[in-house]
>>> print(open('upload.cif').read())   # mmCIF, C-alpha atoms
data_input
loop_
_atom_site.label_atom_id
_atom_site.label_comp_id
_atom_site.auth_asym_id
_atom_site.auth_seq_id
_atom_site.Cartn_x
_atom_site.Cartn_y
_atom_site.Cartn_z
CA MET A 1 -14.77 156.22 -6.77
CA SER A 2 -13.64 156.22 -3.13
CA GLU A 3 -10.12 157.13 -2.05
CA VAL A 4 -9.56 153.54 -0.88
CA THR A 5 -10.50 152.16 -4.29
CA ARG A 6 -8.42 154.76 -6.12
CA SER A 7 -5.40 153.96 -3.96
CA LEU A 8 -5.90 150.24 -4.58
CA LEU A 9 -6.01 150.70 -8.36
CA GLN A 10 -2.92 152.92 -8.25
CA ARG A 11 -1.00 150.19 -6.41
CA TRP A 12 -2.11 147.60 -8.97
CA GLY A 13 -1.03 149.82 -11.83
CA ALA A 14 2.33 150.55 -10.21
CA SER A 15 2.95 146.84 -9.64
CA LEU A 16 2.15 146.05 -13.28
CA ARG A 17 4.45 148.86 -14.51
CA ARG A 18 7.31 147.66 -12.31
CA GLY A 19 6.88 144.09 -13.53
CA ALA A 20 6.77 145.18 -17.18
CA ASP A 21 9.85 147.37 -16.69
CA PHE A 22 11.82 144.52 -15.10
CA ASP A 23 10.58 142.25 -17.90
CA SER A 24 11.77 144.60 -20.65
CA TRP A 25 15.15 144.98 -18.92
CA GLY A 26 15.65 141.22 -18.78
CA GLN A 27 15.38 141.06 -14.97
CA LEU A 28 13.06 138.05 -15.04
CA VAL A 29 13.23 137.11 -11.34
CA GLU A 30 12.17 140.61 -10.26
CA ALA A 31 9.49 140.70 -12.97
CA ILE A 32 8.01 137.39 -11.81
CA ASP A 33 7.92 138.66 -8.20
CA GLU A 34 5.94 141.75 -9.25
CA TYR A 35 3.54 139.77 -11.45
CA GLN A 36 2.88 137.29 -8.63
CA ILE A 37 2.21 140.10 -6.15
CA LEU A 38 -0.26 141.66 -8.57
CA ALA A 39 -1.90 138.30 -9.29
CA ARG A 40 -2.45 137.63 -5.58
CA HIS A 41 -4.04 141.06 -5.11
CA LEU A 42 -6.31 140.60 -8.13
CA GLN A 43 -7.32 137.10 -7.06
CA LYS A 44 -8.20 138.29 -3.57
CA GLU A 45 -10.28 141.18 -4.94
CA ALA A 46 -11.97 138.94 -7.52
CA GLN A 47 -13.05 136.49 -4.83
CA SER A 48 -14.53 139.26 -2.68
CA GLN A 49 -16.43 140.74 -5.65
CA HIS A 50 -17.51 137.44 -7.20
CA ASN A 51 -21.08 137.26 -5.90
CA ASN A 52 -22.06 140.85 -6.70
CA SER A 53 -20.22 141.24 -10.00
CA GLU A 54 -22.00 142.09 -13.25
CA PHE A 55 -19.73 139.73 -15.20
CA THR A 56 -21.12 136.46 -16.55
CA GLU A 57 -20.05 133.17 -14.99
CA GLU A 58 -17.81 132.49 -18.00
CA GLN A 59 -16.09 135.87 -17.62
CA LYS A 60 -15.61 135.31 -13.91
CA SER A 61 -13.85 132.00 -14.49
CA THR A 62 -11.76 133.08 -17.45
CA GLN A 63 -8.02 132.73 -17.30
CA SER A 64 -5.31 131.78 -19.78
CA GLN A 65 -3.48 128.50 -20.12
CA GLU A 66 -0.86 130.15 -22.34
CA GLU A 67 1.96 132.61 -21.80
CA PHE A 68 1.29 136.32 -22.26
CA LYS A 69 3.70 138.47 -24.24
CA LEU A 70 5.21 141.59 -22.67
CA GLU A 71 3.38 143.83 -25.14
CA ASP A 72 0.11 142.17 -24.12
CA LEU A 73 0.75 142.78 -20.44
CA LYS A 74 1.42 146.46 -21.10
CA LYS A 75 -2.05 146.73 -22.65
CA LEU A 76 -3.56 145.93 -19.25
CA GLU A 77 -2.39 149.15 -17.61
CA PRO A 78 -5.25 151.40 -18.89
CA ILE A 79 -7.74 148.66 -18.00
CA LEU A 80 -6.47 148.48 -14.42
CA LYS A 81 -6.58 152.26 -14.20
CA ASN A 82 -10.22 152.36 -15.27
CA ILE A 83 -11.30 148.90 -14.22
CA LEU A 84 -14.55 149.98 -12.56
CA THR A 85 -15.89 151.65 -15.72
CA TYR A 86 -14.04 149.79 -18.47
CA ASN A 87 -16.46 147.99 -20.80
CA LYS A 88 -14.36 147.42 -23.90
CA GLU A 89 -13.24 144.04 -25.14
CA PHE A 90 -10.25 142.55 -23.32
CA PRO A 91 -7.06 143.33 -25.28
CA PHE A 92 -6.04 139.70 -25.88
CA ASP A 93 -7.71 136.30 -25.90
CA VAL A 94 -8.06 134.17 -22.80
CA GLN A 95 -9.70 130.77 -22.56
CA PRO A 96 -12.41 129.92 -20.01
CA VAL A 97 -11.72 127.18 -17.48
CA PRO A 98 -14.02 125.72 -14.79
CA LEU A 99 -14.30 127.96 -11.77
CA ARG A 100 -12.65 126.46 -8.71
CA ARG A 101 -12.42 127.83 -5.25
CA ILE A 102 -9.00 127.53 -3.59
CA LEU A 103 -9.07 127.60 0.20
CA ALA A 104 -6.44 129.09 2.42
CA PRO A 105 -4.75 126.74 4.90
CA GLY A 106 -7.17 125.98 7.73
CA GLU A 107 -10.19 127.52 6.01
CA GLU A 108 -11.59 124.08 5.23
CA GLU A 109 -12.02 123.49 8.97
CA ASN A 110 -15.00 125.84 8.89
CA LEU A 111 -16.78 123.68 6.33
CA GLU A 112 -19.00 120.68 6.86
CA PHE A 113 -17.21 117.77 8.54
CA GLU A 114 -15.60 115.43 6.04
CA GLU A 115 -14.54 111.81 6.14
CA ASP A 116 -11.42 111.22 8.21
CA GLU A 117 -8.30 111.42 6.06
CA GLU A 118 -7.17 108.07 7.44
CA GLU A 119 -10.29 106.15 6.35
CA GLY A 120 -11.56 105.01 2.97
CA GLY A 121 -10.32 102.78 0.17
CA ALA A 122 -7.33 103.12 -2.08
CA GLY A 123 -9.33 104.65 -4.88
CA ALA A 124 -10.36 101.59 -6.87
CA GLY A 125 -11.77 102.49 -10.25
CA SER A 126 -10.08 105.89 -10.46
CA PRO A 127 -7.70 106.66 -13.36
CA ASP A 128 -4.00 105.95 -12.94
CA SER A 129 -2.92 109.10 -14.77
CA PHE A 130 -4.14 112.63 -15.42
CA PRO A 131 -4.89 113.45 -19.07
CA ALA A 132 -4.86 117.23 -18.58
CA ARG A 133 -1.68 118.75 -17.15
CA VAL A 134 -2.40 122.00 -15.33
CA PRO A 135 0.53 124.44 -15.57
CA GLY A 136 2.11 125.32 -12.24
CA THR A 137 4.00 128.40 -11.15
CA LEU A 138 7.53 127.00 -10.97
CA LEU A 139 10.33 129.54 -11.23
CA PRO A 140 13.76 129.25 -12.91
CA ARG A 141 17.00 128.86 -11.01
CA LEU A 142 18.54 132.08 -9.69
CA PRO A 143 21.82 133.35 -11.14
CA SER A 144 24.83 131.85 -9.37
CA GLU A 145 26.99 133.94 -7.06
CA PRO A 146 30.58 133.15 -6.01
CA GLY A 147 30.65 131.26 -2.71
CA MET A 148 26.84 130.96 -2.58
CA THR A 149 24.78 127.77 -2.72
CA LEU A 150 21.59 127.20 -4.69
CA LEU A 151 19.24 124.32 -3.94
CA THR A 152 17.17 122.24 -6.37
CA ILE A 153 14.56 120.01 -4.73
CA ARG A 154 13.12 117.27 -6.89
CA ILE A 155 9.68 116.21 -5.66
CA GLU A 156 9.52 112.56 -6.66
CA LYS A 157 6.36 111.20 -5.03
CA ILE A 158 4.14 111.29 -1.97
CA GLY A 159 2.73 108.24 -0.19
CA LEU A 160 -0.98 108.30 0.72
CA LYS A 161 -3.37 105.50 1.61
CA ASP A 162 -6.07 107.00 -0.63
CA ALA A 163 -3.74 108.23 -3.38
CA GLY A 164 -6.07 106.94 -6.09
CA GLN A 165 -8.91 109.19 -4.90
CA CYS A 166 -7.02 112.47 -5.24
CA ILE A 167 -8.22 114.65 -8.10
CA ASP A 168 -5.85 117.13 -9.79
CA PRO A 169 -3.30 116.93 -6.97
CA TYR A 170 -0.42 119.37 -6.81
CA ILE A 171 2.03 120.65 -4.20
CA THR A 172 2.52 124.23 -3.05
CA VAL A 173 6.12 124.92 -2.02
CA SER A 174 7.07 127.84 0.22
CA VAL A 175 9.95 128.90 2.44
CA LYS A 176 8.92 130.34 5.81
CA ASP A 177 10.71 131.79 8.82
CA LEU A 178 9.83 130.82 12.40
CA ASN A 179 6.90 133.25 12.34
CA GLY A 180 5.44 131.76 9.18
CA ILE A 181 6.48 134.69 6.99
CA ASP A 182 7.39 133.99 3.37
CA LEU A 183 11.09 134.31 2.58
CA THR A 184 10.74 133.48 -1.12
CA PRO A 185 7.95 133.51 -3.72
CA VAL A 186 5.45 130.66 -3.33
CA GLN A 187 5.52 128.05 -6.12
CA ASP A 188 2.95 125.48 -7.26
CA THR A 189 3.90 122.29 -9.06
CA PRO A 190 1.95 121.17 -12.11
CA VAL A 191 -0.73 118.56 -11.47
CA ALA A 192 0.83 115.19 -10.67
CA SER A 193 1.98 113.04 -13.57
CA ARG A 194 0.44 109.77 -12.40
CA LYS A 195 -0.94 107.70 -9.51
CA GLU A 196 0.31 104.23 -8.72
CA ASP A 197 -0.80 102.11 -5.75
CA THR A 198 -0.36 104.30 -2.67
CA TYR A 199 1.76 106.95 -4.41
CA VAL A 200 1.12 110.15 -6.30
CA HIS A 201 4.08 110.84 -8.60
CA PHE A 202 5.31 114.34 -9.50
CA ASN A 203 8.96 114.15 -10.62
CA VAL A 204 9.38 117.93 -10.85
CA ASP A 205 12.24 120.20 -9.81
CA ILE A 206 11.75 123.15 -7.47
CA GLU A 207 14.41 125.85 -7.62
CA LEU A 208 14.75 127.53 -4.22
CA GLN A 209 14.47 131.28 -4.83
CA LYS A 210 17.13 132.30 -2.32
CA HIS A 211 20.73 131.27 -1.76
CA VAL A 212 20.93 128.82 1.13
CA GLU A 213 23.40 131.03 3.01
CA LYS A 214 20.89 133.92 2.94
CA LEU A 215 18.07 132.01 4.64
CA THR A 216 17.32 133.12 8.19
CA LYS A 217 17.98 130.85 11.15
CA GLY A 218 15.06 128.50 11.78
CA ALA A 219 13.68 128.73 8.24
CA ALA A 220 11.97 125.71 6.68
CA VAL A 221 10.77 124.61 3.27
CA PHE A 222 7.07 123.65 3.32
CA PHE A 223 5.26 121.28 0.98
CA GLU A 224 1.44 121.44 1.00
CA PHE A 225 -0.35 118.63 -0.84
CA LYS A 226 -3.58 119.94 -2.37
CA HIS A 227 -6.37 118.30 -4.32
CA TYR A 228 -9.74 119.16 -5.83
CA LYS A 229 -13.03 118.12 -4.20
CA PRO A 230 -15.72 118.11 -6.93
CA LYS A 231 -18.70 117.68 -4.60
CA LYS A 232 -17.81 120.87 -2.75
CA ARG A 233 -16.15 122.57 -5.75
CA PHE A 234 -12.97 123.70 -4.04
CA THR A 235 -9.30 122.84 -3.84
CA SER A 236 -8.00 122.31 -0.32
CA THR A 237 -4.95 121.14 1.56
CA LYS A 238 -4.93 117.44 2.45
CA CYS A 239 -1.63 117.32 4.36
CA PHE A 240 1.76 118.99 4.55
CA ALA A 241 5.42 118.32 5.20
CA PHE A 242 8.45 120.48 5.85
CA MET A 243 12.22 120.31 5.68
CA GLU A 244 14.38 122.32 8.07
CA MET A 245 17.75 123.83 7.28
CA ASP A 246 19.81 121.07 8.91
CA GLU A 247 18.16 118.63 6.50
CA ILE A 248 19.54 120.39 3.43
CA LYS A 249 22.02 117.82 2.16
CA PRO A 250 22.65 116.45 -1.33
CA GLY A 251 20.89 113.20 -2.16
CA PRO A 252 17.53 111.53 -1.41
CA ILE A 253 15.44 112.30 1.67
CA VAL A 254 12.01 111.22 2.93
CA ILE A 255 10.06 113.49 5.27
CA GLU A 256 6.98 112.89 7.41
CA LEU A 257 3.47 114.04 6.58
CA TYR A 258 1.34 116.08 8.99
CA LYS A 259 -2.38 116.70 9.32
CA LYS A 260 -3.91 119.96 8.10
CA PRO A 261 -4.20 122.84 8.72
CA THR A 262 -0.67 123.76 7.75
CA ASP A 263 1.23 124.89 10.83
CA PHE A 264 3.91 127.19 9.46
CA LYS A 265 5.13 127.99 12.98
CA ARG A 266 5.62 124.26 13.71
CA LYS A 267 4.10 124.41 17.18
CA LYS A 268 1.16 121.95 17.02
CA LEU A 269 2.16 119.14 14.71
CA GLN A 270 0.15 115.93 14.28
CA LEU A 271 1.35 113.11 12.06
CA LEU A 272 -1.04 112.25 9.24
CA THR A 273 -0.58 108.51 9.67
CA LYS A 274 1.39 105.88 11.54
CA LYS A 275 1.91 104.00 8.30
CA PRO A 276 5.29 104.27 6.51
CA LEU A 277 4.05 106.85 4.00
CA TYR A 278 6.21 109.90 3.31
CA LEU A 279 7.10 112.68 0.90
CA HIS A 280 10.06 111.54 -1.21
CA LEU A 281 12.53 114.23 -2.31
CA HIS A 282 15.98 114.46 -3.87
CA GLN A 283 18.22 117.47 -3.24
CA THR A 284 20.94 118.89 -5.46
CA LEU A 285 23.25 121.68 -4.25
CA HIS A 286 24.86 124.06 -6.75
CA LYS A 287 27.89 126.06 -5.63
CA GLU A 288 30.55 127.94 -7.58
#
>>> encode(input="upload.cif", output="structure tokens")
Amino acid sequence: MSEVTRSLLQRWGASLRRGADFDSWGQLVEAIDEYQILARHLQKEAQSQHNNSEFTEEQKSTQSQEEFKLEDLKKLEPILKNILTYNKEFPFDVQPVPLRRILAPGEEENLEFEEDEEEGGAGAGSPDSFPARVPGTLLPRLPSEPGMTLLTIRIEKIGLKDAGQCIDPYITVSVKDLNGIDLTPVQDTPVASRKEDTYVHFNVDIELQKHVEKLTKGAAVFFEFKHYKPKKRFTSTKCFAFMEMDEIKPGPIVIELYKKPTDFKRKKLQLLTKKPLYLHLHQTLHKE
């Protein structure tokens, strides 16, 4: 085993231990942060090793739809430590799901040219609702602090001309500074609840993972609308929207949609459409 690989596995193990420790101490926000960091590292490594792995296709695409217990997570530590030579049965059951490739913002531009996002029908013949709800990665509200404000953003619906054609749509929510750096953990909504006419409905609450007063000047909340493309077997970003700090006010708000790739620095923005189609939100401020 090379020094690079050994160092990588040590970092994974340390991240898992920290998350489990926070979990056992009841510090759930910190535990979730550590688990998400570890998950991103593992996902990145899994994608790079996918084509030359000795695992079967079912093993490659295996992940759980259910919550793991803390004692189960602790069983993973020896497997991470010896992951390159570990051949024993996984310590708890996971269920296989279809393998899907998720593209980073802008990566889809390198693929074969697709139909223009502005063209096409409204999705006649497609189902109005989604029978299988895919769990998202939404996080609970932070503990309140005297004099500090917490923000809940309810994502109600998004207007799209071809709303009916979107398969397994969801929205990735992130908070970025002017340089596009994450200020809070990234969250994914569950798959949309239904489609109706030119709207995809979500009706889910996003709890901002930082007190509003602690956000840096120029920060913005980004909403990336993503959907699955079965012909090309990947999930990609269709469009995005963002809300700047001066737009944080209690009550309803509609914000404009922009063409991909997601421009976190907000320097080269192009509206998705000239039609009156927007992302519909409702904000609630919590302050002690």
>>> atom_distance(input="upload.cif", atom1="CA of Glu288 (chain A)", atom2="CA of Thr172 (chain A)")
28.6 Å
>>> resolve_selection(input="upload.cif", expression="the PyMOL selection byres ((chain A and resi 254-270) around 8)", output="list in words")
Pro105, Gly106, Glu109, Lys176, Asp177, Leu178, Asn179, Gly180, Phe222, Glu224, Thr237, Lys238, Cys239, Phe240, Ala241, Phe242, Met243, Pro252, Ile253, Leu271, Leu272, Thr273, Leu277, Tyr278, Leu279, His280 and Leu281 of chain A
>>> residues_around(input="upload.cif", residues="Ile206 (chain A)", least_positions_apart="4", cutoff="7 Å", atoms="all atoms listed in the file", output="list in words")
Leu138, Thr152, Ile153 and Arg154 of chain A
>>> atom_distance(input="upload.cif", atom1="CA of Ser193 (chain A)", atom2="CA of Leu38 (chain A)")
29.1 Å
>>> residues_around(input="upload.cif", residues="Met148 (chain A)", least_positions_apart="2", cutoff="7 Å", atoms="all atoms listed in the file", output="PyMOL selection string")
chain A and resi 145-146+150+211+213+287-288
>>> closest_residue(input="upload.cif", among="A:Thr216, A:Ser174, A:Asn203, A:Gln36", to="Ile155 (chain A)", atoms="only C-alpha atoms")
A:Asn203
>>> residues_around(input="upload.cif", residues="Thr198 (chain A)", least_positions_apart="6", cutoff="6 Å", atoms="only C-alpha atoms", output="list in words")
Gly159, Leu160, Lys161 and Ala163 of chain A
>>> write_last_selection(input="upload.cif", atoms="C-alpha atoms", output="compact mmCIF listing (two decimals), keeping the file's coordinate frame")
# COMPACT_ATOMS: atom_id res chain seq x y z
CA GLY A 159 2.73 108.24 -0.19
CA LEU A 160 -0.98 108.30 0.72
CA LYS A 161 -3.37 105.50 1.61
CA ALA A 163 -3.74 108.23 -3.38
>>> atom_distance(input="upload.cif", atom1="CA of Ile171 (chain A)", atom2="CA of Asp205 (chain A)")
11.7 Å
>>> resolve_selection(input="upload.cif", expression="the PyMOL selection byres ((chain A and resi 137) around 6)", output="PDB file with C-alpha atoms, in the frame of the given file")
ATOM      1  CA  GLY A 136       2.110 125.320 -12.240  1.00  0.00           C
ATOM      2  CA  LEU A 138       7.530 127.000 -10.970  1.00  0.00           C
ATOM      3  CA  GLN A 187       5.520 128.050  -6.120  1.00  0.00           C
ATOM      4  CA  ASP A 188       2.950 125.480  -7.260  1.00  0.00           C
TER       5      ASP A 188
END
>>> closest_residue(input="upload.cif", among="A:Lys195, A:His201, A:His282, A:Lys210", to="Leu183 (chain A)", atoms="only C-alpha atoms")
A:Lys210
>>> resolve_selection(input="upload.cif", expression="the PyMOL selection byres ((chain A and resi 248) around 10)", output="JSON, numbers by chain")
{"A": [151, 153, 212, 220, 221, 243, 244, 245, 246, 247, 249, 250, 251, 253, 283, 284, 285]}
>>> closest_residue(input="upload.cif", among="A:Asp23, A:Val186, A:Ala31, A:His41", to="Arg11 (chain A)", atoms="all atoms listed in the file")
A:His41
>>> closest_residue(input="upload.cif", among="A:Lys274, A:His286, A:Lys157, A:Arg17", to="Asp197 (chain A)", atoms="all atoms listed in the file")
A:Lys157
